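Asker: Sharing run-v2.txt (compact mmCIF, C-alpha atoms) below.
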# COMPACT_ATOMS: atom_id res chain seq x y z
CA MET A 1 -5.76 -95.46 -23.35
CA ALA A 2 -3.89 -98.33 -24.91
CA ALA A 3 -2.45 -98.09 -28.39
CA GLN A 4 -5.42 -99.84 -29.98
CA GLY A 5 -7.88 -98.27 -27.56
CA PRO A 6 -11.43 -97.42 -28.45
CA ASN A 7 -12.08 -94.53 -30.78
CA ALA A 8 -13.84 -91.43 -29.51
CA SER A 9 -17.32 -92.65 -30.28
CA GLU A 10 -16.72 -96.06 -28.69
CA TYR A 11 -15.22 -94.40 -25.63
CA ILE A 12 -18.25 -92.18 -25.10
CA VAL A 13 -20.76 -94.92 -25.77
CA HIS A 14 -18.94 -97.17 -23.34
CA HIS A 15 -19.07 -94.45 -20.68
CA LEU A 16 -22.73 -93.81 -21.29
CA THR A 17 -23.76 -97.43 -20.98
CA HIS A 18 -25.19 -98.53 -17.68
CA LEU A 19 -24.34 -101.64 -15.76
CA ASN A 20 -27.79 -103.20 -15.77
CA SER A 21 -29.39 -106.44 -14.76
CA LEU A 22 -29.31 -107.65 -18.37
CA GLY A 23 -25.56 -107.52 -18.71
CA GLU A 24 -25.94 -105.88 -22.13
CA LYS A 25 -27.39 -102.66 -23.45
CA GLN A 26 -31.12 -102.33 -22.93
CA ALA A 27 -32.76 -102.76 -26.34
CA LYS A 28 -36.09 -101.09 -25.74
CA LEU A 29 -36.44 -97.49 -24.62
CA VAL A 30 -38.70 -98.52 -21.74
CA ASP A 31 -38.37 -101.90 -20.08
CA TRP A 32 -39.72 -102.27 -16.58
CA THR A 33 -37.94 -105.57 -15.97
CA VAL A 34 -34.46 -104.06 -16.05
CA PHE A 35 -32.50 -102.45 -13.24
CA HIS A 36 -29.52 -100.12 -13.54
CA LEU A 37 -27.27 -101.71 -10.96
CA ASP A 38 -24.67 -98.93 -11.04
CA THR A 39 -27.26 -96.19 -10.46
CA LEU A 40 -28.83 -98.17 -7.64
CA PHE A 41 -25.50 -98.94 -6.02
CA TRP A 42 -24.15 -95.40 -6.14
CA SER A 43 -27.38 -93.67 -5.24
CA VAL A 44 -27.99 -95.94 -2.25
CA THR A 45 -24.37 -95.72 -1.14
CA LEU A 46 -24.33 -91.94 -1.40
CA GLY A 47 -27.75 -91.70 0.21
CA LEU A 48 -26.53 -93.75 3.16
CA LEU A 49 -23.39 -91.65 3.34
CA ALA A 50 -25.48 -88.48 3.32
CA ILE A 51 -27.89 -89.52 6.03
CA LEU A 52 -25.13 -91.06 8.14
CA ILE A 53 -23.20 -87.79 8.07
CA LEU A 54 -26.36 -85.93 8.99
CA ALA A 55 -27.23 -88.49 11.66
CA LYS A 56 -23.76 -88.14 13.13
CA ALA A 57 -24.20 -84.39 13.33
CA ALA A 58 -27.65 -84.92 14.82
CA SER A 59 -26.43 -87.35 17.47
CA ARG A 60 -23.72 -84.94 18.54
CA ALA A 61 -25.88 -81.84 18.38
CA THR A 62 -25.81 -79.86 21.58
CA SER A 63 -27.18 -76.48 22.45
CA GLY A 64 -23.71 -75.45 23.62
CA VAL A 65 -20.97 -73.96 21.50
CA PRO A 66 -20.99 -75.91 18.21
CA GLY A 67 -17.88 -77.29 16.56
CA ARG A 68 -17.14 -76.60 12.91
CA PHE A 69 -18.83 -79.76 11.68
CA GLN A 70 -21.93 -79.18 13.74
CA ALA A 71 -22.03 -75.52 12.71
CA ALA A 72 -21.77 -76.48 9.03
CA VAL A 73 -24.66 -78.94 9.31
CA GLU A 74 -26.63 -76.39 11.28
CA ILE A 75 -26.13 -73.74 8.62
CA LEU A 76 -27.50 -76.23 6.09
CA VAL A 77 -30.44 -77.15 8.31
CA GLU A 78 -31.27 -73.53 9.01
CA MET A 79 -31.09 -72.71 5.30
CA VAL A 80 -33.51 -75.53 4.48
CA GLU A 81 -35.71 -74.63 7.44
CA SER A 82 -36.03 -70.99 6.45
CA GLN A 83 -36.68 -71.86 2.79
CA SER A 84 -39.33 -74.41 3.66
CA LYS A 85 -40.92 -72.05 6.15
CA SER A 86 -41.27 -69.31 3.55
CA ILE A 87 -42.68 -71.65 0.89
CA VAL A 88 -44.81 -74.25 2.66
CA HIS A 89 -47.52 -73.02 4.99
CA GLY A 90 -48.59 -75.86 7.20
CA ASP A 91 -47.14 -78.83 9.01
CA ARG A 92 -43.52 -79.15 7.84
CA SER A 93 -42.41 -81.97 10.13
CA PHE A 94 -41.87 -84.21 7.11
CA ILE A 95 -41.44 -81.68 4.33
CA ALA A 96 -38.47 -79.80 5.77
CA PRO A 97 -36.45 -82.99 6.48
CA LEU A 98 -37.42 -84.19 3.02
CA ALA A 99 -36.00 -81.02 1.50
CA LEU A 100 -32.81 -81.45 3.50
CA THR A 101 -32.46 -85.05 2.33
CA VAL A 102 -33.08 -84.02 -1.26
CA PHE A 103 -30.47 -81.30 -1.14
CA VAL A 104 -27.70 -83.30 0.52
CA TRP A 105 -28.34 -86.49 -1.39
CA ILE A 106 -28.49 -84.84 -4.81
CA PHE A 107 -25.43 -82.77 -3.97
CA PHE A 108 -23.51 -85.96 -3.17
CA MET A 109 -24.72 -87.73 -6.31
CA ASN A 110 -23.87 -84.71 -8.46
CA ALA A 111 -20.45 -84.46 -6.82
CA MET A 112 -19.55 -87.85 -8.26
CA ASP A 113 -19.08 -85.90 -11.49
CA LEU A 114 -15.99 -84.29 -10.00
CA LEU A 115 -14.15 -87.58 -9.54
CA PRO A 116 -11.74 -88.40 -12.36
CA LEU A 117 -13.91 -89.70 -15.17
CA ASP A 118 -12.17 -93.03 -15.67
CA LEU A 119 -11.21 -93.74 -12.07
CA LEU A 120 -14.17 -95.78 -10.85
CA PRO A 121 -15.01 -97.34 -14.26
CA ASN A 122 -11.40 -98.56 -14.60
CA ILE A 123 -11.38 -99.99 -11.07
CA TRP A 124 -14.65 -101.71 -11.91
CA ALA A 125 -13.17 -103.01 -15.18
CA MET A 126 -10.29 -104.52 -13.23
CA ILE A 127 -12.64 -106.21 -10.77
CA TYR A 128 -14.88 -107.37 -13.60
CA GLY A 129 -11.90 -108.71 -15.52
CA ALA A 130 -10.50 -110.39 -12.43
CA ALA A 131 -13.87 -112.09 -11.99
CA GLY A 132 -13.35 -113.73 -15.35
CA HIS A 133 -15.52 -111.48 -17.50
CA ASP A 134 -14.61 -109.40 -20.51
CA PRO A 135 -13.38 -106.05 -19.14
CA HIS A 136 -14.55 -104.35 -22.33
CA HIS A 137 -18.08 -105.00 -21.19
CA ALA A 138 -17.51 -103.63 -17.69
CA TYR A 139 -19.95 -100.75 -17.72
CA MET A 140 -20.11 -98.34 -14.82
CA ARG A 141 -21.73 -94.91 -14.62
CA VAL A 142 -20.98 -93.30 -11.30
CA VAL A 143 -23.23 -90.22 -11.44
CA PRO A 144 -26.72 -91.44 -10.48
CA THR A 145 -28.31 -88.07 -11.29
CA ALA A 146 -27.14 -88.43 -14.89
CA ASP A 147 -29.54 -91.35 -15.12
CA LEU A 148 -33.07 -90.33 -16.03
CA ASN A 149 -34.47 -93.16 -13.90
CA ALA A 150 -32.98 -91.69 -10.77
CA THR A 151 -34.17 -88.13 -11.32
CA LEU A 152 -37.62 -89.12 -12.54
CA GLY A 153 -37.89 -91.53 -9.63
CA MET A 154 -37.33 -88.64 -7.25
CA SER A 155 -39.66 -86.28 -9.10
CA LEU A 156 -42.28 -89.02 -9.10
CA GLY A 157 -41.81 -89.24 -5.34
CA VAL A 158 -42.44 -85.50 -5.15
CA LEU A 159 -45.57 -85.92 -7.30
CA ILE A 160 -46.90 -88.61 -4.97
CA LEU A 161 -46.26 -86.34 -1.99
CA CYS A 162 -48.05 -83.50 -3.80
CA LEU A 163 -51.08 -85.70 -4.33
CA TYR A 164 -50.94 -86.93 -0.76
CA TYR A 165 -50.78 -83.41 0.68
CA SER A 166 -53.48 -82.18 -1.71
CA VAL A 167 -55.86 -84.78 -0.33
CA LYS A 168 -54.67 -84.29 3.23
CA ILE A 169 -55.03 -80.51 3.24
CA LYS A 170 -58.10 -80.01 1.06
CA GLY A 171 -59.87 -83.32 1.59
CA PHE A 172 -60.63 -85.62 -1.33
CA GLY A 173 -63.76 -83.67 -2.26
CA GLY A 174 -62.03 -80.35 -2.06
CA TRP A 175 -59.18 -81.57 -4.20
CA MET A 176 -61.57 -83.00 -6.81
CA HIS A 177 -63.44 -79.71 -6.82
CA GLU A 178 -60.18 -77.90 -7.44
CA LEU A 179 -59.18 -80.31 -10.20
CA PHE A 180 -62.34 -79.51 -12.14
CA THR A 181 -62.86 -75.84 -11.35
CA ALA A 182 -59.34 -74.38 -11.41
CA PRO A 183 -57.84 -72.54 -13.20
CA PHE A 184 -60.72 -71.26 -15.38
CA GLY A 185 -63.68 -71.32 -13.03
CA SER A 186 -66.69 -73.35 -12.03
CA HIS A 187 -68.89 -74.05 -15.04
CA PRO A 188 -69.88 -77.46 -16.47
CA VAL A 189 -68.48 -76.53 -19.87
CA LEU A 190 -65.14 -75.70 -18.32
CA TYR A 191 -64.81 -78.89 -16.24
CA PRO A 192 -63.03 -81.00 -18.88
CA ILE A 193 -60.78 -78.12 -19.86
CA ASN A 194 -59.84 -77.45 -16.26
CA PHE A 195 -59.19 -81.12 -15.62
CA ALA A 196 -57.04 -81.42 -18.73
CA MET A 197 -55.05 -78.35 -17.68
CA GLN A 198 -54.52 -79.79 -14.22
CA LEU A 199 -53.31 -83.10 -15.66
CA ILE A 200 -50.94 -81.29 -17.99
CA GLU A 201 -49.69 -79.22 -15.09
CA PHE A 202 -48.92 -82.27 -12.96
CA VAL A 203 -47.21 -84.10 -15.81
CA ALA A 204 -45.23 -81.03 -16.84
CA LYS A 205 -44.14 -80.31 -13.29
CA THR A 206 -42.98 -83.86 -12.66
CA VAL A 207 -41.26 -84.41 -16.01
CA SER A 208 -39.53 -81.03 -16.04
CA HIS A 209 -38.48 -81.52 -12.42
CA GLY A 210 -36.73 -84.78 -13.17
CA MET A 211 -35.54 -83.81 -16.64
CA ARG A 212 -33.91 -80.57 -15.53
CA LEU A 213 -31.55 -82.29 -13.10
CA PHE A 214 -30.90 -85.18 -15.46
CA GLY A 215 -30.20 -82.87 -18.41
CA ASN A 216 -27.75 -80.74 -16.49
CA MET A 217 -25.81 -83.64 -15.07
CA TYR A 218 -25.87 -85.65 -18.29
CA ALA A 219 -24.57 -82.70 -20.27
CA GLY A 220 -21.92 -82.01 -17.65
CA GLU A 221 -20.79 -85.61 -17.76
CA LEU A 222 -20.67 -85.54 -21.54
CA ILE A 223 -18.49 -82.47 -21.53
CA PHE A 224 -16.11 -84.15 -19.07
CA MET A 225 -15.89 -87.03 -21.55
CA LEU A 226 -15.09 -84.71 -24.45
CA ILE A 227 -12.42 -83.02 -22.33
CA ALA A 228 -11.05 -86.45 -21.42
CA LEU A 229 -10.85 -87.24 -25.13
CA MET A 230 -8.74 -84.12 -25.62
CA GLY A 231 -6.36 -85.36 -22.95
CA ALA A 232 -6.37 -88.83 -24.47
CA ALA A 233 -5.28 -87.41 -27.83
CA TRP A 234 -1.67 -87.31 -26.61
CA ALA A 235 0.43 -89.20 -29.13
CA GLY A 236 3.85 -87.57 -28.87
CA THR A 237 3.27 -84.97 -31.57
CA PHE A 238 3.15 -81.21 -31.11
CA GLY A 239 -0.51 -80.90 -32.09
CA SER A 240 -1.59 -83.66 -29.76
CA GLY A 241 0.50 -82.06 -27.00
CA LEU A 242 -1.46 -78.85 -27.43
CA LEU A 243 -4.66 -80.86 -27.23
CA TRP A 244 -3.45 -82.48 -24.02
CA ILE A 245 -2.68 -79.07 -22.49
CA GLY A 246 -6.07 -77.86 -23.70
CA GLY A 247 -7.61 -80.87 -22.00
CA VAL A 248 -5.96 -80.02 -18.70
CA VAL A 249 -6.99 -76.36 -18.90
CA ALA A 250 -10.55 -77.09 -20.03
CA GLY A 251 -10.89 -79.88 -17.50
CA SER A 252 -9.85 -77.58 -14.66
CA ILE A 253 -12.16 -74.79 -15.78
CA TRP A 254 -15.11 -77.10 -16.28
CA ALA A 255 -14.57 -78.87 -12.95
CA ILE A 256 -14.41 -75.55 -11.10
CA PHE A 257 -17.54 -74.34 -12.88
CA HIS A 258 -19.16 -77.66 -12.12
CA ILE A 259 -18.84 -77.05 -8.38
CA LEU A 260 -21.37 -74.28 -8.92
CA ILE A 261 -23.59 -76.42 -11.14
CA ILE A 262 -23.82 -79.40 -8.81
CA THR A 263 -24.69 -77.17 -5.86
CA LEU A 264 -27.11 -75.08 -7.87
CA GLN A 265 -28.90 -78.08 -9.35
CA ALA A 266 -29.24 -79.70 -5.94
CA PHE A 267 -30.61 -76.41 -4.60
CA ILE A 268 -33.02 -76.00 -7.53
CA PHE A 269 -34.32 -79.53 -7.11
CA MET A 270 -34.88 -78.88 -3.40
CA MET A 271 -36.60 -75.55 -4.04
CA LEU A 272 -38.89 -77.01 -6.69
CA THR A 273 -39.76 -79.87 -4.36
CA LEU A 274 -40.77 -77.31 -1.75
CA VAL A 275 -42.64 -75.17 -4.27
CA TYR A 276 -44.65 -78.08 -5.65
CA ILE A 277 -45.51 -79.39 -2.21
CA GLY A 278 -46.27 -75.83 -1.13
CA GLN A 279 -48.72 -75.51 -4.05
CA ALA A 280 -50.47 -78.63 -2.80
CA HIS A 281 -51.05 -76.73 0.46
CA GLU A 282 -52.74 -73.76 -1.18
CA SER A 283 -56.19 -73.75 -2.64
CA HIS A 284 -56.88 -71.87 -5.83
CA MET B 1 -31.17 -92.91 -21.70
CA ASN B 2 -33.54 -95.74 -20.98
CA LEU B 3 -36.44 -95.96 -18.60
CA ASN B 4 -36.70 -99.02 -16.44
CA ALA B 5 -37.48 -100.31 -12.97
CA THR B 6 -34.57 -98.34 -11.51
CA LEU B 7 -37.04 -95.47 -11.40
CA PHE B 8 -39.27 -97.14 -8.81
CA ALA B 9 -36.33 -98.37 -6.79
CA GLN B 10 -35.06 -94.80 -6.69
CA LEU B 11 -38.50 -93.59 -5.62
CA VAL B 12 -38.56 -96.00 -2.70
CA VAL B 13 -35.00 -95.15 -1.67
CA PHE B 14 -35.90 -91.48 -1.85
CA LEU B 15 -38.85 -91.87 0.50
CA ILE B 16 -36.88 -94.08 2.90
CA LEU B 17 -34.04 -91.57 3.12
CA ALA B 18 -36.49 -88.73 3.69
CA TRP B 19 -38.22 -90.76 6.40
CA PHE B 20 -34.89 -91.47 8.07
CA THR B 21 -33.99 -87.80 8.05
CA MET B 22 -37.37 -86.88 9.48
CA LYS B 23 -37.04 -89.48 12.22
CA PHE B 24 -33.40 -89.29 13.28
CA VAL B 25 -31.70 -86.22 11.83
CA TRP B 26 -34.07 -83.31 11.84
CA PRO B 27 -35.51 -83.40 15.39
CA PRO B 28 -32.24 -83.46 17.37
CA ILE B 29 -30.69 -80.71 15.26
CA MET B 30 -33.75 -78.50 15.50
CA LYS B 31 -33.95 -79.21 19.21
CA ALA B 32 -30.34 -78.18 19.67
CA LEU B 33 -30.90 -75.05 17.58
CA ASP B 34 -34.03 -74.08 19.52
CA GLU B 35 -32.34 -74.76 22.84
CA ARG B 36 -29.36 -72.66 21.84
CA ALA B 37 -31.66 -69.87 20.70
CA SER B 38 -33.45 -69.88 24.04
CA LYS B 39 -30.11 -70.04 25.85
CA ILE B 40 -28.91 -67.03 23.95
CA ALA B 41 -32.16 -65.22 24.65
CA ASP B 42 -31.78 -66.04 28.35
CA GLY B 43 -28.18 -64.89 28.27
CA LEU B 44 -29.15 -61.60 26.69
CA ALA B 45 -31.92 -61.10 29.23
CA ALA B 46 -29.49 -61.90 32.05
CA ALA B 47 -26.99 -59.44 30.61
CA ASP B 48 -29.66 -56.74 30.49
CA LYS B 49 -30.65 -57.48 34.05
CA ALA B 50 -27.02 -57.45 35.17
CA LYS B 51 -26.59 -54.10 33.46
CA SER B 52 -29.55 -52.57 35.26
CA ASP B 53 -28.40 -54.16 38.53
CA LEU B 54 -25.00 -52.63 38.03
CA ALA B 55 -26.50 -49.20 37.38
CA HIS B 56 -28.61 -49.60 40.50
CA ALA B 57 -25.62 -50.67 42.58
CA GLU B 58 -23.54 -47.79 41.26
CA LYS B 59 -26.26 -45.35 42.21
CA LYS B 60 -26.51 -46.89 45.65
CA ALA B 61 -22.75 -46.83 46.10
CA GLY B 62 -22.67 -43.16 45.10
CA GLU B 63 -25.32 -42.40 47.65
CA GLU B 64 -23.46 -44.28 50.37
CA LEU B 65 -20.28 -42.47 49.48
CA ARG B 66 -22.02 -39.12 49.65
CA LYS B 67 -23.52 -40.02 53.03
CA ALA B 68 -20.15 -41.16 54.33
CA ARG B 69 -18.56 -37.96 53.12
CA GLU B 70 -21.24 -35.91 54.80
CA SER B 71 -20.93 -37.69 58.11
CA ALA B 72 -17.14 -37.45 57.94
CA ALA B 73 -17.44 -33.72 57.37
CA GLU B 74 -19.79 -33.52 60.31
CA PHE B 75 -17.38 -35.51 62.46
CA ARG B 76 -14.56 -33.26 61.46
CA SER B 77 -16.41 -30.04 62.19
CA SER B 78 -17.64 -31.31 65.54
CA ALA B 79 -14.14 -32.47 66.39
CA GLU B 80 -12.78 -29.08 65.40
CA ARG B 81 -15.39 -27.43 67.55
CA GLN B 82 -14.49 -29.66 70.44
CA VAL B 83 -10.80 -29.00 69.96
CA ALA B 84 -11.42 -25.28 69.84
CA GLN B 85 -13.44 -25.54 73.01
CA LEU B 86 -10.75 -27.60 74.75
CA ILE B 87 -8.11 -25.12 73.66
CA GLU B 88 -10.25 -22.27 74.92
CA GLU B 89 -10.83 -23.99 78.25
CA ALA B 90 -7.13 -24.75 78.56
CA ARG B 91 -6.30 -21.18 77.76
CA VAL B 92 -8.69 -19.89 80.42
CA GLU B 93 -7.38 -22.39 82.94
CA GLY B 94 -3.82 -21.46 82.09
CA ALA B 95 -4.56 -17.81 82.44
CA ARG B 96 -6.24 -18.46 85.76
CA ILE B 97 -3.28 -20.50 87.02
CA VAL B 98 -0.83 -17.87 85.87
CA ALA B 99 -2.86 -15.14 87.52
CA ALA B 100 -3.12 -17.11 90.76
CA ALA B 101 0.58 -17.84 90.74
CA ARG B 102 1.37 -14.24 90.06
CA GLU B 103 -0.93 -13.15 92.86
CA ALA B 104 0.62 -15.64 95.25
CA ALA B 105 4.09 -14.56 94.27
CA GLU B 106 3.18 -10.94 94.63
CA SER B 107 1.64 -11.41 98.08
CA GLU B 108 4.61 -13.56 99.06
CA ALA B 109 6.97 -10.89 97.87
CA ALA B 110 4.93 -8.21 99.63
CA SER B 111 4.90 -10.07 102.93
CA ALA B 112 8.60 -10.89 102.56
CA SER B 113 9.45 -7.26 101.98
CA GLN B 114 7.17 -6.35 104.86
CA ARG B 115 9.04 -8.78 107.09
CA ALA B 116 12.35 -7.53 105.86
CA LYS B 117 11.24 -3.97 106.53
CA GLU B 118 10.11 -4.97 110.00
CA ALA B 119 13.41 -6.72 110.70
CA LEU B 120 15.31 -3.78 109.27
CA ARG B 121 13.29 -1.43 111.40
CA GLU B 122 14.04 -3.51 114.49
CA GLN B 123 17.70 -3.53 113.69
CA VAL B 124 17.75 0.20 112.88
CA ALA B 125 15.93 0.90 116.13
CA ALA B 126 18.33 -1.26 118.06
CA LEU B 127 21.20 0.34 116.19
CA ALA B 128 19.84 3.81 116.93
CA VAL B 129 19.38 2.93 120.57
CA ALA B 130 22.88 1.50 120.74
CA GLY B 131 24.20 4.57 118.98
CA ALA B 132 22.35 6.87 121.29
CA GLU B 133 23.59 4.84 124.31
CA ARG B 134 27.09 5.22 123.10
CA ILE B 135 26.59 8.90 122.50
CA LEU B 136 24.98 9.57 125.84
CA ARG B 137 27.27 7.18 127.64
CA LYS B 138 24.57 6.30 129.90
CA GLU B 139 22.08 3.61 130.35
CA ILE B 140 18.81 4.27 128.81
CA ASN B 141 15.95 2.61 130.36
CA ALA B 142 14.63 0.53 127.63
CA GLN B 143 11.30 0.16 129.25
CA ALA B 144 11.02 3.87 129.88
CA HIS B 145 11.76 4.68 126.35
CA ALA B 146 9.97 1.80 124.63
CA GLU B 147 7.19 4.09 123.59
CA LEU B 148 9.61 6.44 122.11
CA LEU B 149 11.37 3.64 120.31
CA THR B 150 8.15 2.21 118.91
CA GLN B 151 7.26 5.63 117.65
CA LEU B 152 10.65 5.97 116.14
CA LYS B 153 10.34 2.50 114.51
CA SER B 154 7.04 3.36 112.86
CA GLU B 155 8.48 6.53 111.47
CA LEU B 156 11.23 4.65 109.68
Could you show the structure in this file as structure tokens?

Answerer:
Amino acid sequence: MAAQGPNASEYIVHHLTHLNSLGEKQAKLVDWTVFHLDTLFWSVTLGLLAILILAKAASRATSGVPGRFQAAVEILVEMVESQSKSIVHGDRSFIAPLALTVFVWIFFMNAMDLLPLDLLPNIWAMIYGAAGHDPHHAYMRVVPTADLNATLGMSLGVLILCLYYSVKIKGFGGWMHELFTAPFGSHPVLYPINFAMQLIEFVAKTVSHGMRLFGNMYAGELIFMLIALMGAAWAGTFGSGLLWIGGVVAGSIWAIFHILIITLQAFIFMMLTLVYIGQAHESH
Amino acid sequence: MNLNATLFAQLVVFLILAWFTMKFVWPPIMKALDERASKIADGLAAADKAKSDLAHAEKKAGEELRKARESAAEFRSSAERQVAQLIEEARVEGARIVAAAREAAESEAASASQRAKEALREQVAALAVAGAERILRKEINAQAHAELLTQLKSEL
């Protein structure tokens, strides 16, 4: 932080602003003409990294004695396979790989939280400044899962798959029948109530699915920012020195705890994906 | 926290990544895992079979050993019997030879002593005749007294 750097509020707002296709902060809450370029870039990059690592393991996979890398990927694959087998009863040729992708990809995106908070944004600010723009407007958020668009996009994907498998397994008629007769029973009076409940269930599942991951990662990111502010308080005085030390200690503790959170959230997202798709396979 | 078209882009990326995993990642890994599982199963089965084969072979070897021991014992006892028989035969033969030799020696000695006695008798008879000649100072007709002399000889 320079001597006349941003104050705490400006610092946090700057870190929470996306690099979007407008070049300035999105005014409306919902605007379908705007893209978050940073989220897209990092999620696609990390997604490619994830599947390339997996593809490398897959291309080298032999039935002989596995190396450490192969064994690690195999442990992951077996974990996903056994989870999906116990939850989804039916053809899992797409669902199990989907769950694996979800887990690895979200883990990678969450892990961006563990990089030093200002590292990539500052590099981006340098590039942006070198390109002749104002570096103060170089926005860059590197954790795609701390963007609601990313997590809701994925949960929407899961919803679409749920609908697809509902129709595929039960047939369109069977699914319609279920929409109007479950959960309360088959009676003309109950049809609208059942249908409303089903709609609420789908919306709640999808929104909570995306929101849960987003909320966890957003809050984690925010806490990293507050800890970074503690470290940035260093001004040569005793009190600010204590704050700096507190920043180091808190940063270490939070980062170590975050290793658990990023893994757990990736696992939860994968498990809920399997559970929701598994529900689409079961008739009420 | 704004909603925008990033959402749909993310959705598409999500499905593409999942498709890629389904197509290129999942099958080879599962194939390798299944193959290894069957290999391990085969290995375990082979180990079981080898174990039972070993037990079988050990049993067979024990039987062979027992048989060999039995036949060796048989060989030994028959050899001992044969040896005993040979020794017995040799002993009998030896005894026979010794007896024959003793018999021969005895008869030899008997005939030799007989001959010596005969010769002695002859000489004593001649000596007695010569002594009697000298005593009588006269010629004795040997032919006239041959009977007497023969009688005298047999009395000696």

Asker: In terms of the shortest atom-to-atom distance over all atoms listed in the file, which of A:Gly67, A:Asn20, A:Leu179, A:Ser82 is closest to Val167 (chain A)?

Answerer: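 Answer, going by the shortest atom-to-atom distance: A:Leu179.
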
Asker: List every residue of region 143-239 of chain A that has an atom at most 10 Å from any atom of region 87-103 of chain A, giving for each one its closest atom pair and the distance in Å to one decimal, counting all atoms listed in the file, sorted by chain and then by ascending residue number, as a tab-separated table.

Answerer:
residue	atom	partner	partner_atom	distance
A:Met154	CA	A:Val102	CA	8.7
A:Val158	CA	A:Leu98	CA	9.7
A:Leu161	CA	A:Ile95	CA	9.2
A:Ile169	CA	A:Gly90	CA	8.9

Asker: For Trp26 (chain B), work out the shell of residues within 8 Å, counting all atoms listed in the file and skipping chain neighbours fewer than 5 positions away, then give it as a PyMOL selection string.

Answerer: (chain A and resi 58+77+97) or (chain B and resi 21)

Asker: What lies within 10 Å of Gly157 (chain A) using all atoms listed in the file, ignoring chain neighbours under 5 positions off, as an NGL selection string?

Answerer: (:A and (151-152 or 162-163 or 206 or 273)) or (:B and (7-8 or 10-15))

Asker: Which neighbours of His281 (chain A) fall inside 7 Å, counting all atoms listed in the file, when residues of the same chain fewer than 2 positions from it are skipped, and could you give them as a PyMOL selection string?

Answerer: chain A and resi 89+165-166+169+277-279+283

Asker: Kindly determine which residues of chain B lie within 9 Å of chain A, considering only C-alpha atoms, and give the answer as a PyMOL selection string.

Answerer: chain B and resi 1-15+17-37+39

Asker: So what do you get for CA of Arg91 (chain B) versus CA of Ser111 (chain B), distance-wise?

Answerer: 29.7 Å

Asker: If you measure from CA of Phe224 (chain A) to CA of Leu119 (chain A), what distance in Å do you get, rounded to one decimal?

Answerer: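 Separating CA of Phe224 (chain A) from CA of Leu119 (chain A) is a distance of 12.8 Å.
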
Asker: When distances are computed from all atoms listed in the file, which of A:Ala182, A:Ile127, A:Ala280, A:Leu46 shows the smallest separation from Phe107 (chain A)?

Answerer: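 Of all the options, A:Leu46 lies closest to Phe107 (chain A).
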
Asker: Record the distance separating CA of Asp118 (chain A) and CA of Ala232 (chain A), expressed in Å with one decimal.

Answerer: 11.3 Å

Asker: Determine the nearest neighbour of Met140 (chain A) from the options A:Ile227, A:Leu19, A:Ala266, A:Leu159, counting only C-alpha atoms.

Answerer: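 Among the listed residues, A:Leu19 lies closest to Met140 (chain A).
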
Asker: When you look at Leu114 (chain A) with a cut-off of 8 Å (counting only C-alpha atoms), what residues show up, excluding the ones that are within fewer than 2 positions of it in the same chain? I need them as number ranges by chain.

Answerer: A: 111-112, 116-117, 255, 258-259

Asker: Please provide the set of residues having any atom within 10 Å of Ala126 (chain B), restricted to only C-alpha atoms, with same-chain residues fewer than 6 positions apart removed, written as a PyMOL selection string.

Answerer: chain B and resi 120+132+149+153

Asker: Taking all atoms listed in the file into account, name the residue in A:Ile75, A:Val143, A:Ser21, A:Ser84 that is nearest to Ile262 (chain A).

Answerer: A:Val143
